[in-house]
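To start, the structure itself, in structure tokens.
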Amino acid sequence: RLSGDWRFYETARTSILTFWHKRSARDMVGTTIDVDNGAFQDMQSTTGPGQDSFFEYLLKGYILFDDLEMLDVFWSAYSAVEVHQTFEGFTYNVDMFKGLMSNAHLSPLSCVWASVQILAGDVAGALRSVLYWYTLWA
């Protein structure tokens, strides 16, 4: 829509939906996928590096193009983060299949999750995320 050539959007949309169809039964995706065979090479699910843009693309795909399927995928992925990855305002890396924390590393890029929460209308969740990150940096 932005360029007037829908091929760009359809190609990006196909890519993101193909990626999503490889998700676990817990509605989580890994960080790295093998482009030759489609298998996940890194099974960590995160809101930080490697996946932060995934959530943004889904939500912005809905906002910009009124794509309800992108919104449905976003809410499924968002709910999985809230159920399996969020603890006291932070989102942790978890195994996409087991739903268990894979490490206690907090990437500073994960603080961007609050902006996704705001864009999704989860003001309370975003405030909680910002305040927890603020306590680390203050």
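Identifiers in the structure tokens: chain A, B, ... in order shown; residue index from 1 per chain; ligand index from 1 in order shown.
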Distance query A:Thr18 at most 12 Å, only C-alpha atoms, self and fewer than 2 positions along chain excluded, as a PyMOL selection string: chain A and resi 10-16+20-23+29+33+35+38-39+73
Every residue of chain A that DSSP places in alpha helix (DSSP H), as a ChimeraX atom specification: /A:6-20,52-65,68-80,113-119,123-137
Residue among A:Thr135, A:Ala80, A:Ile63, A:Tyr9 lying closest to A:Leu119, counting only C-alpha atoms: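 Checking each candidate against A:Leu119, we get A:Ile63 as the closest.
Proximity ranking of A:Asn93, A:Glu69, A:Ala25, A:Tyr78 relative to A:His105 places A:Asn93 first, based on only C-alpha atoms.
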List the neighbours of A:Met43 out to 8 Å using only C-alpha atoms; skip same-chain residues closer than 3 positions along the sequence, and give me the result as a PDB file with N, CA, C and O atoms, in the first residue's frame.
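File written: around_21.pdb
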```
ATOM      1  N   VAL A  29       7.576 -18.936  19.058  1.00  0.00           N
ATOM      2  CA  VAL A  29       8.523 -19.202  17.976  1.00  0.00           C
ATOM      3  C   VAL A  29       9.939 -19.059  18.510  1.00  0.00           C
ATOM      4  O   VAL A  29      10.168 -18.403  19.518  1.00  0.00           O
ATOM      5  N   GLY A  30      10.869 -19.695  17.822  1.00  0.00           N
ATOM      6  CA  GLY A  30      12.270 -19.597  18.199  1.00  0.00           C
ATOM      7  C   GLY A  30      12.913 -18.365  17.597  1.00  0.00           C
ATOM      8  O   GLY A  30      12.265 -17.571  16.909  1.00  0.00           O
ATOM      9  N   THR A  31      14.194 -18.242  17.844  1.00  0.00           N
ATOM     10  CA  THR A  31      14.922 -17.055  17.413  1.00  0.00           C
ATOM     11  C   THR A  31      15.539 -17.211  16.028  1.00  0.00           C
ATOM     12  O   THR A  31      15.568 -16.279  15.250  1.00  0.00           O
ATOM     13  N   THR A  32      16.031 -18.397  15.708  1.00  0.00           N
ATOM     14  CA  THR A  32      16.731 -18.623  14.450  1.00  0.00           C
ATOM     15  C   THR A  32      16.121 -19.814  13.737  1.00  0.00           C
ATOM     16  O   THR A  32      15.877 -20.852  14.344  1.00  0.00           O
ATOM     17  N   PHE A  40      13.701 -24.800  13.371  1.00  0.00           N
ATOM     18  CA  PHE A  40      14.299 -23.819  14.260  1.00  0.00           C
ATOM     19  C   PHE A  40      15.660 -24.310  14.704  1.00  0.00           C
ATOM     20  O   PHE A  40      15.825 -25.452  15.098  1.00  0.00           O
ATOM     21  N   ASP A  95      12.211 -21.692  26.507  1.00  0.00           N
ATOM     22  CA  ASP A  95      12.194 -22.712  25.469  1.00  0.00           C
ATOM     23  C   ASP A  95      10.817 -22.709  24.818  1.00  0.00           C
ATOM     24  O   ASP A  95       9.802 -22.805  25.507  1.00  0.00           O
ATOM     25  N   MET A  96      10.759 -22.576  23.513  1.00  0.00           N
ATOM     26  CA  MET A  96       9.483 -22.437  22.814  1.00  0.00           C
ATOM     27  C   MET A  96       8.597 -23.676  22.928  1.00  0.00           C
ATOM     28  O   MET A  96       7.389 -23.579  22.778  1.00  0.00           O
ATOM     29  N   PHE A  97       9.181 -24.831  23.209  1.00  0.00           N
ATOM     30  CA  PHE A  97       8.407 -26.061  23.315  1.00  0.00           C
ATOM     31  C   PHE A  97       8.006 -26.381  24.754  1.00  0.00           C
ATOM     32  O   PHE A  97       6.898 -26.839  25.008  1.00  0.00           O
TER      33      PHE A  97
END
```
